[in-house]
Structure formats: C-alpha cells, structure tokens
$ cat entry.cif   # mmCIF, C-alpha atoms and all ligand atoms
data_run
loop_
_atom_site.label_atom_id
_atom_site.label_comp_id
_atom_site.auth_asym_id
_atom_site.auth_seq_id
_atom_site.Cartn_x
_atom_site.Cartn_y
_atom_site.Cartn_z
CA MET A 1 -41.67 0.23 11.51
CA LYS A 2 -40.28 -1.19 14.75
CA PRO A 3 -37.15 0.26 16.38
CA ILE A 4 -33.89 -1.52 15.52
CA GLU A 5 -31.30 0.69 17.19
CA HIS A 6 -31.15 -1.51 20.30
CA LEU A 7 -29.75 -4.24 18.04
CA PHE A 8 -26.63 -2.24 17.17
CA CYS A 9 -23.28 -2.76 19.00
CA LYS A 10 -22.81 -0.31 21.85
CA SER A 11 -19.39 0.65 20.47
CA ALA A 12 -20.94 1.64 17.13
CA LYS A 13 -23.82 3.52 18.79
CA ASP A 14 -21.45 5.48 21.07
CA MET A 15 -19.02 6.41 18.30
CA THR A 16 -18.68 9.98 17.12
CA PRO A 17 -18.89 9.83 13.31
CA TYR A 18 -15.65 10.40 11.41
CA SER A 19 -16.00 13.84 9.85
CA PRO A 20 -15.21 13.23 6.21
CA ILE A 21 -14.21 15.99 3.85
CA GLU A 22 -17.01 17.35 1.65
CA PRO A 23 -16.15 16.77 -2.03
CA PRO A 24 -15.40 19.95 -4.02
CA ASP A 25 -18.27 19.41 -6.49
CA GLN A 26 -20.77 19.37 -3.62
CA ILE A 27 -19.24 22.44 -1.99
CA ALA A 28 -19.26 24.25 -5.33
CA ARG A 29 -22.94 23.37 -5.81
CA ARG A 30 -23.80 24.42 -2.24
CA LEU A 31 -22.03 27.77 -2.60
CA GLY A 32 -22.99 28.39 -6.23
CA LEU A 33 -19.31 28.46 -7.28
CA ASN A 34 -17.54 27.08 -10.34
CA GLU A 35 -16.08 23.69 -9.36
CA ALA A 36 -12.95 24.25 -11.46
CA LYS A 37 -12.15 27.32 -9.38
CA ILE A 38 -12.28 25.55 -6.02
CA ILE A 39 -8.87 25.55 -4.30
CA LYS A 40 -8.66 22.38 -2.29
CA LEU A 41 -6.21 22.71 0.61
CA ASP A 42 -8.01 20.54 3.17
CA ALA A 43 -6.83 16.94 2.68
CA ASN A 44 -3.08 17.04 1.95
CA GLU A 45 -3.50 15.68 -1.57
CA ASN A 46 -1.09 16.18 -4.47
CA PRO A 47 -2.31 19.43 -6.13
CA PHE A 48 -0.67 18.63 -9.47
CA GLY A 49 -2.40 15.28 -9.97
CA THR A 50 -0.74 11.97 -10.71
CA ALA A 51 1.64 11.32 -13.64
CA PRO A 52 0.24 11.26 -17.21
CA ALA A 53 1.86 7.81 -17.53
CA VAL A 54 -0.48 6.59 -14.78
CA ILE A 55 -3.58 7.96 -16.51
CA LYS A 56 -2.45 6.28 -19.75
CA ALA A 57 -1.76 2.95 -18.04
CA LEU A 58 -5.18 3.09 -16.36
CA SER A 59 -6.91 3.70 -19.68
CA GLU A 60 -5.08 0.74 -21.21
CA GLY A 61 -5.68 -1.72 -18.34
CA GLN A 62 -7.20 -4.96 -19.57
CA TYR A 63 -8.05 -6.91 -16.44
CA TYR A 64 -10.69 -4.86 -14.69
CA HIS A 65 -13.18 -7.71 -15.13
CA ILE A 66 -11.01 -10.08 -13.08
CA TYR A 67 -10.62 -10.12 -9.28
CA PRO A 68 -7.32 -8.82 -7.94
CA ASP A 69 -4.64 -11.26 -6.71
CA PRO A 70 -5.36 -11.91 -3.00
CA ALA A 71 -1.67 -12.72 -2.42
CA GLN A 72 -0.74 -9.33 -3.98
CA VAL A 73 2.32 -10.91 -5.62
CA GLN A 74 3.11 -8.21 -8.21
CA LEU A 75 1.98 -5.41 -5.96
CA ARG A 76 4.19 -6.53 -3.09
CA GLU A 77 7.14 -7.06 -5.42
CA ALA A 78 6.80 -3.53 -6.82
CA ILE A 79 6.48 -1.95 -3.37
CA ALA A 80 9.31 -4.11 -2.03
CA ARG A 81 11.68 -2.75 -4.70
CA TYR A 82 10.73 0.82 -3.73
CA ALA A 83 10.86 0.22 0.02
CA ASP A 84 13.99 -1.96 -0.20
CA TYR A 85 12.51 -4.84 1.78
CA ASP A 86 11.47 -8.36 0.75
CA PRO A 87 7.93 -8.79 -0.65
CA ASP A 88 6.95 -10.98 2.31
CA MET A 89 7.65 -8.00 4.57
CA ILE A 90 5.04 -5.91 2.73
CA ILE A 91 1.23 -5.83 2.86
CA ALA A 92 -0.91 -3.55 0.67
CA GLY A 93 -4.32 -2.25 1.65
CA THR A 94 -7.20 0.03 0.67
CA GLY A 95 -5.14 3.02 1.73
CA ALA A 96 -3.00 3.11 4.85
CA ASP A 97 -6.39 3.37 6.60
CA GLU A 98 -7.03 -0.31 6.02
CA ILE A 99 -3.68 -1.34 7.50
CA ILE A 100 -4.45 0.73 10.62
CA ASP A 101 -7.70 -1.20 11.00
CA LEU A 102 -6.03 -4.56 10.34
CA CYS A 103 -3.39 -3.89 13.01
CA CYS A 104 -6.14 -3.10 15.53
CA ARG A 105 -8.00 -6.27 14.54
CA LEU A 106 -4.86 -8.37 14.89
CA LEU A 107 -3.71 -6.96 18.20
CA VAL A 108 -6.48 -5.43 20.24
CA GLU A 109 -9.03 -7.22 22.38
CA PRO A 110 -12.20 -5.37 23.49
CA ASP A 111 -11.55 -2.82 26.25
CA GLN A 112 -7.78 -2.88 25.81
CA MET A 113 -5.90 0.37 25.31
CA VAL A 114 -4.27 1.72 22.19
CA LEU A 115 -1.88 4.54 22.91
CA SER A 116 -1.14 7.56 20.75
CA PHE A 117 -0.10 11.18 21.19
CA VAL A 118 -2.63 13.88 20.41
CA PRO A 119 -3.20 15.91 18.38
CA THR A 120 -2.67 13.36 15.65
CA PHE A 121 -4.47 11.80 12.66
CA SER A 122 -8.10 11.60 13.79
CA TYR A 123 -8.83 8.33 12.01
CA TYR A 124 -6.84 6.42 14.67
CA SER A 125 -9.40 7.11 17.39
CA HIS A 126 -12.21 6.18 15.01
CA VAL A 127 -10.70 2.78 14.19
CA ILE A 128 -9.81 2.12 17.82
CA ALA A 129 -13.45 2.72 18.82
CA LEU A 130 -14.67 0.60 15.92
CA ASN A 131 -12.51 -2.25 17.21
CA LYS A 132 -14.09 -1.88 20.66
CA ALA A 133 -10.81 -0.79 22.23
CA LYS A 134 -10.06 2.35 24.29
CA PHE A 135 -7.94 5.24 23.12
CA LEU A 136 -5.20 6.24 25.56
CA ALA A 137 -4.61 9.72 24.18
CA ILE A 138 -1.54 11.35 25.68
CA PRO A 139 -1.28 15.09 25.02
CA ARG A 140 1.81 16.36 23.22
CA GLU A 141 3.78 19.35 24.52
CA ALA A 142 2.71 22.86 23.43
CA ASP A 143 5.17 22.63 20.50
CA PHE A 144 3.74 19.16 19.62
CA THR A 145 6.88 17.26 20.59
CA ILE A 146 6.76 14.12 22.77
CA LYS A 147 8.89 14.11 25.93
CA LEU A 148 10.51 10.80 26.84
CA GLU A 149 10.43 11.50 30.60
CA LYS A 150 6.63 11.81 30.42
CA VAL A 151 6.31 8.76 28.20
CA LYS A 152 8.17 6.64 30.74
CA LYS A 153 5.50 7.40 33.34
CA VAL A 154 2.65 5.99 31.24
CA ASP A 155 1.22 2.66 32.44
CA LEU A 156 1.48 0.31 29.46
CA SER A 157 0.06 -2.77 31.15
CA LYS A 158 -3.22 -2.73 29.15
CA CYS A 159 -1.58 -1.67 25.93
CA LYS A 160 -0.51 -3.94 23.07
CA LEU A 161 -0.43 -1.31 20.34
CA VAL A 162 1.13 2.15 20.18
CA ILE A 163 0.50 4.40 17.17
CA LEU A 164 3.12 6.98 16.26
CA CYS A 165 3.11 9.33 13.29
CA SER A 166 6.13 10.94 11.60
CA PRO A 167 5.78 13.60 10.30
CA ASN A 168 2.76 13.95 12.52
CA ASN A 169 -0.54 15.04 11.00
CA PRO A 170 -1.55 17.84 11.70
CA SER A 171 1.52 19.32 13.43
CA GLY A 172 4.08 18.44 10.73
CA ASN A 173 6.94 17.60 13.12
CA LEU A 174 9.06 14.43 13.12
CA LEU A 175 8.98 11.76 15.78
CA GLU A 176 11.72 11.77 18.42
CA GLU A 177 13.88 8.66 17.85
CA GLU A 178 14.34 8.06 21.60
CA VAL A 179 10.56 7.78 22.00
CA LEU A 180 10.37 5.19 19.23
CA ASP A 181 13.29 3.25 20.74
CA TYR A 182 11.61 3.27 24.14
CA PHE A 183 8.39 1.76 22.80
CA LEU A 184 10.22 -0.76 20.61
CA ALA A 185 11.89 -2.11 23.76
CA GLN A 186 8.47 -2.79 25.38
CA ASP A 187 6.23 -5.82 25.05
CA LEU A 188 3.93 -4.25 22.45
CA VAL A 189 3.67 -3.52 18.73
CA VAL A 190 4.54 -0.09 17.39
CA MET A 191 2.66 1.13 14.32
CA LEU A 192 4.61 4.03 12.86
CA ASP A 193 2.66 6.01 10.28
CA GLU A 194 4.99 7.54 7.68
CA ALA A 195 2.21 8.60 5.29
CA TYR A 196 4.12 11.81 4.52
CA TYR A 197 7.60 10.24 4.36
CA GLU A 198 8.31 11.42 0.81
CA PHE A 199 8.07 15.07 1.94
CA SER A 200 10.36 14.72 4.96
CA GLY A 201 12.83 12.25 3.48
CA VAL A 202 13.19 10.86 7.02
CA THR A 203 12.31 7.24 7.75
CA PHE A 204 12.84 4.83 10.61
CA LYS A 205 12.50 1.78 8.38
CA GLU A 206 16.02 0.52 9.20
CA LYS A 207 14.70 -0.36 12.66
CA ILE A 208 12.53 -3.09 11.16
CA LYS A 209 15.70 -5.19 10.77
CA ASN A 210 16.17 -5.50 14.53
CA HIS A 211 12.60 -5.13 15.74
CA ASN A 212 9.90 -7.62 14.83
CA ASN A 213 7.35 -5.49 16.74
CA LEU A 214 7.52 -2.54 14.32
CA ILE A 215 5.20 -1.92 11.36
CA ILE A 216 5.66 1.18 9.21
CA LEU A 217 2.75 2.53 7.17
CA ARG A 218 3.00 4.45 3.93
CA THR A 219 0.47 5.61 1.35
CA PHE A 220 0.10 6.37 -2.35
CA SER A 221 -2.52 9.05 -1.52
CA LYS A 222 -0.13 11.89 -0.85
CA CYS A 223 2.99 12.40 -2.96
CA PHE A 224 1.86 9.90 -5.63
CA GLY A 225 -1.53 11.56 -6.11
CA LEU A 226 -3.63 8.39 -5.90
CA ALA A 227 -5.91 9.34 -2.99
CA GLY A 228 -8.99 8.52 -5.06
CA LEU A 229 -7.76 5.02 -5.90
CA ARG A 230 -7.13 4.06 -2.25
CA VAL A 231 -3.88 2.23 -1.89
CA GLY A 232 -1.33 2.17 0.91
CA TYR A 233 1.00 -0.37 2.48
CA GLY A 234 2.63 -1.60 5.64
CA MET A 235 6.15 -2.96 5.99
CA GLY A 236 7.45 -4.94 8.88
CA SER A 237 8.82 -8.26 10.05
CA ARG A 238 7.41 -11.49 8.63
CA ASP A 239 6.13 -12.18 12.17
CA LEU A 240 3.70 -9.28 11.74
CA ILE A 241 3.04 -9.26 8.01
CA ALA A 242 2.11 -12.97 7.71
CA PRO A 243 -0.79 -12.79 10.23
CA LEU A 244 -1.96 -9.49 8.73
CA MET A 245 -2.03 -11.12 5.28
CA LYS A 246 -4.06 -13.95 6.81
CA ILE A 247 -6.79 -11.69 8.21
CA LYS A 248 -7.02 -9.07 5.44
CA PRO A 249 -10.05 -9.07 3.12
CA PRO A 250 -8.95 -10.99 0.02
CA PHE A 251 -9.57 -8.37 -2.65
CA SER A 252 -9.18 -5.04 -0.89
CA VAL A 253 -6.71 -3.45 -3.34
CA ASN A 254 -8.47 -3.16 -6.68
CA VAL A 255 -6.95 -3.88 -10.09
CA ALA A 256 -6.97 -0.21 -11.16
CA ALA A 257 -5.05 0.78 -8.02
CA GLU A 258 -2.53 -1.97 -8.77
CA VAL A 259 -2.02 -0.67 -12.33
CA ALA A 260 -1.62 2.89 -11.05
CA LEU A 261 0.74 1.98 -8.25
CA THR A 262 3.13 -0.07 -10.39
CA THR A 263 3.21 2.74 -12.97
CA CYS A 264 3.93 5.33 -10.27
CA LEU A 265 6.85 3.31 -9.07
CA ASN A 266 8.26 3.19 -12.61
CA ASN A 267 8.11 7.01 -12.76
CA LEU A 268 9.75 8.00 -9.52
CA SER A 269 11.67 10.98 -10.94
CA PHE A 270 8.35 12.58 -11.98
CA TYR A 271 7.13 12.52 -8.37
CA GLN A 272 10.51 13.54 -6.96
CA GLU A 273 10.27 16.75 -8.99
CA GLN A 274 6.76 17.38 -7.71
CA VAL A 275 7.86 16.78 -4.13
CA ASN A 276 10.79 19.20 -4.55
CA GLU A 277 8.40 21.83 -5.87
CA MET A 278 5.89 21.27 -3.06
CA VAL A 279 8.62 21.58 -0.45
CA GLN A 280 9.74 24.89 -2.02
CA ILE A 281 6.15 26.15 -2.09
CA ARG A 282 5.73 25.06 1.54
CA GLU A 283 8.75 27.05 2.66
CA TRP A 284 7.67 30.12 0.66
CA THR A 285 4.12 29.90 2.07
CA LEU A 286 5.43 29.48 5.63
CA ALA A 287 7.43 32.67 5.29
CA GLN A 288 4.43 34.56 3.87
CA LEU A 289 2.03 33.27 6.52
CA ALA A 290 4.47 34.22 9.27
CA GLU A 291 4.06 37.85 8.16
CA LEU A 292 0.37 37.76 9.14
CA GLU A 293 0.02 39.09 12.65
CA LYS A 294 -3.00 36.95 13.54
CA LEU A 295 -1.34 33.64 12.67
CA LYS A 296 1.18 31.66 14.68
CA VAL A 297 2.74 29.36 12.09
CA TYR A 298 4.39 26.01 12.88
CA SER A 299 7.24 24.72 10.73
CA SER A 300 6.51 21.51 8.83
CA ARG A 301 8.33 18.53 7.33
CA SER A 302 5.22 17.55 5.40
CA ASN A 303 2.88 18.94 2.73
CA PHE A 304 0.69 20.93 5.12
CA ILE A 305 1.12 23.81 7.54
CA LEU A 306 -0.52 24.15 10.95
CA CYS A 307 -1.39 27.65 12.22
CA ARG A 308 -2.91 28.96 15.43
CA VAL A 309 -5.29 31.82 14.80
CA ASP A 310 -5.07 34.66 17.33
CA GLY A 311 -7.66 37.41 17.68
CA PHE A 312 -10.02 35.93 15.08
CA ASP A 313 -12.35 32.95 15.17
CA ALA A 314 -10.77 30.08 13.20
CA ALA A 315 -14.20 28.62 12.34
CA GLU A 316 -15.23 31.93 10.87
CA LEU A 317 -11.95 32.24 9.00
CA SER A 318 -12.45 28.80 7.51
CA LYS A 319 -16.04 29.70 6.53
CA GLU A 320 -14.97 32.99 4.97
CA LEU A 321 -12.33 31.19 2.91
CA GLU A 322 -14.85 28.53 1.89
CA ASN A 323 -17.24 31.25 0.69
CA ARG A 324 -14.39 32.39 -1.57
CA GLY A 325 -13.84 28.83 -2.84
CA ILE A 326 -10.77 28.02 -0.71
CA LEU A 327 -11.02 24.90 1.45
CA ILE A 328 -8.80 24.44 4.49
CA ARG A 329 -9.08 22.32 7.64
CA TYR A 330 -10.25 23.90 10.87
CA PHE A 331 -9.85 22.29 14.31
CA ALA A 332 -11.73 22.83 17.53
CA THR A 333 -10.38 20.08 19.77
CA ASN A 334 -8.89 20.51 23.24
CA GLN A 335 -5.33 20.51 21.95
CA LEU A 336 -6.13 22.48 18.80
CA ARG A 337 -8.51 25.21 19.83
CA ASN A 338 -8.71 27.85 17.09
CA PHE A 339 -6.19 26.18 14.76
CA ILE A 340 -6.24 25.72 11.00
CA ARG A 341 -4.28 23.35 8.75
CA ILE A 342 -3.45 24.37 5.20
CA SER A 343 -2.32 21.79 2.63
CA VAL A 344 0.43 22.86 0.25
CA GLY A 345 -1.14 23.56 -3.14
CA ARG A 346 0.27 24.96 -6.37
CA ARG A 347 2.04 28.31 -6.16
CA ASP A 348 -0.90 30.16 -7.81
CA GLN A 349 -3.30 28.56 -5.32
CA MET A 350 -1.17 29.63 -2.36
CA GLU A 351 -1.01 33.17 -3.76
CA SER A 352 -4.84 33.27 -3.89
CA LEU A 353 -5.01 31.93 -0.34
CA LEU A 354 -2.60 34.59 0.95
CA THR A 355 -4.53 37.38 -0.75
CA GLU A 356 -7.78 36.20 0.81
CA LEU A 357 -6.19 35.72 4.23
CA GLN A 358 -4.95 39.31 4.07
CA ASN A 359 -8.43 40.48 3.07
CA ILE A 360 -10.10 38.60 5.91
CA LEU A 361 -7.58 39.05 8.70
CA GLY A 362 -6.63 42.60 7.79
C1 LIG B 401 -1.10 10.42 8.96
C2 LIG B 401 -1.99 9.78 7.96
N1 LIG B 401 -1.99 8.46 7.87
C3 LIG B 401 -2.79 7.82 7.00
C4 LIG B 401 -3.63 8.54 6.17
C5 LIG B 401 -4.56 7.79 5.27
O1 LIG B 401 -3.92 7.40 4.13
P1 LIG B 401 -4.71 6.60 3.02
O2 LIG B 401 -5.30 7.60 2.09
O3 LIG B 401 -3.63 5.77 2.37
O4 LIG B 401 -5.73 5.75 3.68
C6 LIG B 401 -3.65 9.93 6.23
C7 LIG B 401 -4.56 10.70 5.36
O5 LIG B 401 -4.76 11.87 5.46
C8 LIG B 401 -2.82 10.57 7.15
O6 LIG B 401 -2.82 11.90 7.28
#
$ encode --input "entry.cif" --output "structure tokens"
Amino acid sequence: MKPIEHLFCKSAKDMTPYSPIEPPDQIARRLGLNEAKIIKLDANENPFGTAPAVIKALSEGQYYHIYPDPAQVQLREAIARYADYDPDMIIAGTGADEIIDLCCRLLVEPDQMVLSFVPTFSYYSHVIALNKAKFLAIPREADFTIKLEKVKKVDLSKCKLVILCSPNNPSGNLLEEEVLDYFLAQDLVVMLDEAYYEFSGVTFKEKIKNHNNLIILRTFSKCFGLAGLRVGYGMGSRDLIAPLMKIKPPFSVNVAAEVALTTCLNNLSFYQEQVNEMVQIREWTLAQLAELEKLKVYSSRSNFILCRVDGFDAAELSKELENRGILIRYFATNQLRNFIRISVGRRDQMESLLTELQNILG
C-alpha cells in the first residue's frame, strides 16, 4: 500500500495523543484481577453511581429511535432552571469537552494563542492543538495559585481566548477573583471551567450578567454520575451562546443523555447528599494522607486530592497500586514531577487505598 501520512494535517501529525484512561475491565483482564474489585480513583467520577430514578427513567425511555432536538429546547429549559439563567443563555454538549472545542472553533484562528495556567486540565492543550492554535501555558506558583502581578505582564495581543478552571484540575484550588476580573476587562473571551462546582459550592456565574465575554462550563460527569453518557453545558451571554448554537453539530447530545439529565435535575437532593458525603470523605482522607511522611498533600475544594510524592517514585507507586487493583492518576510533567492525583471514592475504597499506601510507602 502507498504511504498516506503526508496527506494528514501537520497539526494532527505533530499532536501528542491525549492519554485516555484505561477502562477498568481491560485493566482487570490485563492484571488477572476481578473487575468488581477494581477501585477506580483516576477520573474524578461519582463512586456511588447515578440515582436509581435515572436508571429507571433510562429503561423507560421511548424515543431512542428518534434524533435528538437540535435546538435542545427541553434540555436547555431544564438546565436553565438549575443554573438560574434563561434557556437562550445555555448550550449543551457531548460533555463539557465539546463546549471547549466549540469555543476554540468559534474564536481561534490558526496560529493564534490560547492562554491558560498550568498545571490544569490536559484536554485544553489537546483541543487547542486540534484547532491549529498555540497554547500559551503560563506556570502557576508553587502552591498552584495565579498571581495578578505576573498575569498583568503577559502579552495578550495574539490571544482571543483565555481558559480558567475553578476548582482547578488537578490542584483543587479556586480561581482568584481578581484574575478573572482582569481578564474580563480585556478584549478577549474568558472560558471558565466549573466542572467541579458542585463540590466547591463557589461559582462566578453572577459575572455573566455584566460580561458578555464570559462563558462558564459545567458537566454532568462528576457529581451527577453521568460520565458515561457524555453531557455538559456552557452558560453565557446570548452574544456567545447564539453563535455557538449555530456552529455546534446538530445532534451531539443523545436522547438517553437528555432523559438522564432531566431526571437528575428533578432529584437534586439525592445528589446533594452524595456531594456532602464525598466532601466529608475528602476531608477525612486528606487528614489520613497527611500522616504519611512521603506525601505532601494539597487541600482541595473538589472531589480529588493532589499529592507530591517525596522519596519514592510516583510512577512506581501508581504501578504498585494498580497491581493491587487501585487506580490513581500519576503525573510526570514539568510542573507536576512525581505527583499523584487521587479521586475521592467511597469510604471503604479510601480505607483500602490508605492501607495499601502504608504497605508500599512504609
Ligand atoms: C476541569 C474539567 N473540565 C472538563 C472535564 C470534562 O468534562 P466532560 O466529561 O463533561 O466532558 C473534566 C473531566 O475530567 C475536567 O476535569
């Protein structure tokens, strides 16, 4: 067969592949473990699963043979009630991931810059590259905060989009309001990712009222336990949402996701209880992890905990845990050399994790 690689876009050829998470059934098979025993603490999912009412509604859904509504009328109305904004200020997507991509497509021309503060959610750099733009990655401070004095020195002339994340994944800290205000006052669009808002209870959504250059992203993958159904949303001014609605693929949110989402939003107290429990488990786990000499633990406003590993190789630690059926996230980037991120699981899962960490780290 003749070579075809020269036909591919340079941007696609040069891209580092997004490192997806290996599904637990495949890991179990690879390691010869029982899948039901795998403790999955690597993707910040809801460890309890979604509400039984959602599973029931999904099993009773009658319209899976019909395309979803491209205008997302019911979906946007349901989200609008939850988010307390008008439906025409909401857009739903195949996860928050899709809205990140749509914002890049709407705003970024090839070779322009998209600014964000690293370490942060790694999918941003992937989508920026996919959209043929350049990632202006500004390092955070050692404690992962962002300093306004430094921000003010950044040249924004080639930048039409800034991506901020609060609480930030993977550091778990909230965004500094003065940094957001600074960017909102510039001639650019701010995409603020609040995927973990339900765990922090802190939102900047009030700023949408006075800033038509702000879009806030949220997801149903985390506290609502719908990661496998892929649904998230953006909220912002009509000036931003209308063009995003125009360019989005018509049927990206599927009918099952729509059924699940509307049922979730009718069962908010169920999820509030789960969030309360996860926050309690997070705080308990933080205190326990802090007792381990080889871990430097960072406080978190989210459903995951970042730790620096001292005096032990984090890759090896992650591998050792995996061999015991416990999956965590390990980082080896410039800003996160020898770090791990642990999602908050059920209390029994965190107890197993702590026992194994003690066994491995001594
Ligand atoms: C900060 C952040 N934003 C967005 C997402 C993606 O959300 P979704 O599953 O809705 O695409 C994630 C997933 O881990 C995340 O951590």
$ residues_near_ligand --input "entry.cif" --ligand "ligand LIG 401 (chain B)" --cutoff "9 Å" --atoms "only C-alpha atoms and all ligand atoms" --output "VMD selection string"
chain A and resid 43 to 45 93 to 100 120 to 124 165 to 170 193 to 196 217 to 222 226 to 233
$ write_last_selection --input "entry.cif" --atoms "C-alpha atoms" --output "short mmCIF file (atom, residue, chain, number, x, y, z; two decimals), in the frame of the given file"
data_model
loop_
_atom_site.label_atom_id
_atom_site.label_comp_id
_atom_site.auth_asym_id
_atom_site.auth_seq_id
_atom_site.Cartn_x
_atom_site.Cartn_y
_atom_site.Cartn_z
CA ALA A 43 -6.83 16.94 2.68
CA ASN A 44 -3.08 17.04 1.95
CA GLU A 45 -3.50 15.68 -1.57
CA GLY A 93 -4.32 -2.25 1.65
CA THR A 94 -7.20 0.03 0.67
CA GLY A 95 -5.14 3.02 1.73
CA ALA A 96 -3.00 3.11 4.85
CA ASP A 97 -6.39 3.37 6.60
CA GLU A 98 -7.03 -0.31 6.02
CA ILE A 99 -3.68 -1.34 7.50
CA ILE A 100 -4.45 0.73 10.62
CA THR A 120 -2.67 13.36 15.65
CA PHE A 121 -4.47 11.80 12.66
CA SER A 122 -8.10 11.60 13.79
CA TYR A 123 -8.83 8.33 12.01
CA TYR A 124 -6.84 6.42 14.67
CA CYS A 165 3.11 9.33 13.29
CA SER A 166 6.13 10.94 11.60
CA PRO A 167 5.78 13.60 10.30
CA ASN A 168 2.76 13.95 12.52
CA ASN A 169 -0.54 15.04 11.00
CA PRO A 170 -1.55 17.84 11.70
CA ASP A 193 2.66 6.01 10.28
CA GLU A 194 4.99 7.54 7.68
CA ALA A 195 2.21 8.60 5.29
CA TYR A 196 4.12 11.81 4.52
CA LEU A 217 2.75 2.53 7.17
CA ARG A 218 3.00 4.45 3.93
CA THR A 219 0.47 5.61 1.35
CA PHE A 220 0.10 6.37 -2.35
CA SER A 221 -2.52 9.05 -1.52
CA LYS A 222 -0.13 11.89 -0.85
CA LEU A 226 -3.63 8.39 -5.90
CA ALA A 227 -5.91 9.34 -2.99
CA GLY A 228 -8.99 8.52 -5.06
CA LEU A 229 -7.76 5.02 -5.90
CA ARG A 230 -7.13 4.06 -2.25
CA VAL A 231 -3.88 2.23 -1.89
CA GLY A 232 -1.33 2.17 0.91
CA TYR A 233 1.00 -0.37 2.48
#
$ residues_around --input "entry.cif" --residues "A:Asp155" --least-positions-apart "2" --cutoff "12 Å" --atoms "only C-alpha atoms" --output "ChimeraX atom specification"
/A:113-115,136,138,150-153,157-160,186
$ residues_around --input "entry.cif" --residues "A:Gln358" --least-positions-apart "6" --cutoff "12 Å" --atoms "all atoms listed in the file" --output "list in words"
Gln288, Leu289, Ala290, Glu291, Leu292, Glu293, Lys294, Leu295, Leu317, Glu320, Leu321, Glu351 and Ser352 of chain A
$ closest_residue --input "entry.cif" --among "A:Asn173, A:Leu261, A:His211, A:Phe199" --to "A:Tyr298" --atoms "all atoms listed in the file"
A:Asn173
$ atom_distance --input "entry.cif" --atom1 "atom CA of A:Met15" --atom2 "atom CA of A:Pro110"
14.6 Å
$ atom_distance --input "entry.cif" --atom1 "atom CA of A:Ser269" --atom2 "atom CA of A:Phe48"
14.6 Å
$ atom_distance --input "entry.cif" --atom1 "atom CA of A:Leu41" --atom2 "atom CA of A:Leu361"
18.3 Å
$ residues_around --input "entry.cif" --residues "A:Ala133" --least-positions-apart "3" --cutoff "9 Å" --atoms "all atoms listed in the file" --output "list in words"
Ser11, Cys104, Val108, Glu109, Pro110, Asp111, Gln112, Met113, Val114, Val127, Ile128, Ala129 and Leu130 of chain A
$ closest_residue --input "entry.cif" --among "A:Leu357, A:Ile91, A:Ala315, A:Leu31" --to "A:Pro243" --atoms "only C-alpha atoms"
A:Ile91
$ residues_around --input "entry.cif" --residues "A:Glu258" --least-positions-apart "6" --cutoff "9 Å" --atoms "only C-alpha atoms" --output "list in words"
Pro68, Gln72, Gln74, Leu75 and Val231 of chain A
$ closest_residue --input "entry.cif" --among "A:Glu283, A:Glu356, A:Leu244, A:Gly61" --to "A:Lys319" --atoms "all atoms listed in the file"
A:Glu356
$ decode --input "entry.cif" --residues "stretch 26-68 of chain A" --atoms "C-alpha atoms" --output "short mmCIF file (atom, residue, chain, number, x, y, z; two decimals), in the first residue's frame"
data_model
loop_
_atom_site.label_atom_id
_atom_site.label_comp_id
_atom_site.auth_asym_id
_atom_site.auth_seq_id
_atom_site.Cartn_x
_atom_site.Cartn_y
_atom_site.Cartn_z
CA GLN A 26 -9.38 -4.01 30.46
CA ILE A 27 -7.09 -3.34 33.43
CA ALA A 28 -8.70 -6.21 35.33
CA ARG A 29 -8.15 -8.53 32.36
CA ARG A 30 -4.55 -7.35 31.92
CA LEU A 31 -3.74 -7.87 35.60
CA GLY A 32 -5.83 -11.01 36.08
CA LEU A 33 -7.98 -9.28 38.74
CA ASN A 34 -11.70 -9.42 39.44
CA GLU A 35 -13.27 -6.36 37.74
CA ALA A 36 -15.76 -5.86 40.59
CA LYS A 37 -12.85 -5.40 42.98
CA ILE A 38 -11.16 -2.63 41.00
CA ILE A 39 -11.11 0.66 42.94
CA LYS A 40 -11.30 3.42 40.38
CA LEU A 41 -9.83 6.67 41.72
CA ASP A 42 -8.33 8.02 38.49
CA ALA A 43 -11.02 10.06 36.72
CA ASN A 44 -12.93 12.02 39.39
CA GLU A 45 -16.19 10.17 38.75
CA ASN A 46 -19.05 9.74 41.22
CA PRO A 47 -18.16 6.50 43.10
CA PHE A 48 -21.75 5.86 44.19
CA GLY A 49 -23.24 5.89 40.69
CA THR A 50 -26.16 7.96 39.49
CA ALA A 51 -29.64 8.00 41.10
CA PRO A 52 -31.88 4.90 40.78
CA ALA A 53 -34.53 7.27 39.38
CA VAL A 54 -32.19 7.96 36.45
CA ILE A 55 -31.64 4.27 35.73
CA LYS A 56 -35.43 3.75 35.82
CA ALA A 57 -36.11 6.71 33.54
CA LEU A 58 -33.48 5.45 31.09
CA SER A 59 -35.06 2.00 30.99
CA GLU A 60 -38.46 3.55 30.30
CA GLY A 61 -37.32 5.99 27.59
CA GLN A 62 -39.39 5.65 24.44
CA TYR A 63 -37.70 7.88 21.90
CA TYR A 64 -34.30 6.34 21.34
CA HIS A 65 -35.20 5.68 17.70
CA ILE A 66 -35.68 9.41 17.03
CA TYR A 67 -32.93 12.02 16.58
CA PRO A 68 -32.45 14.44 19.46
#
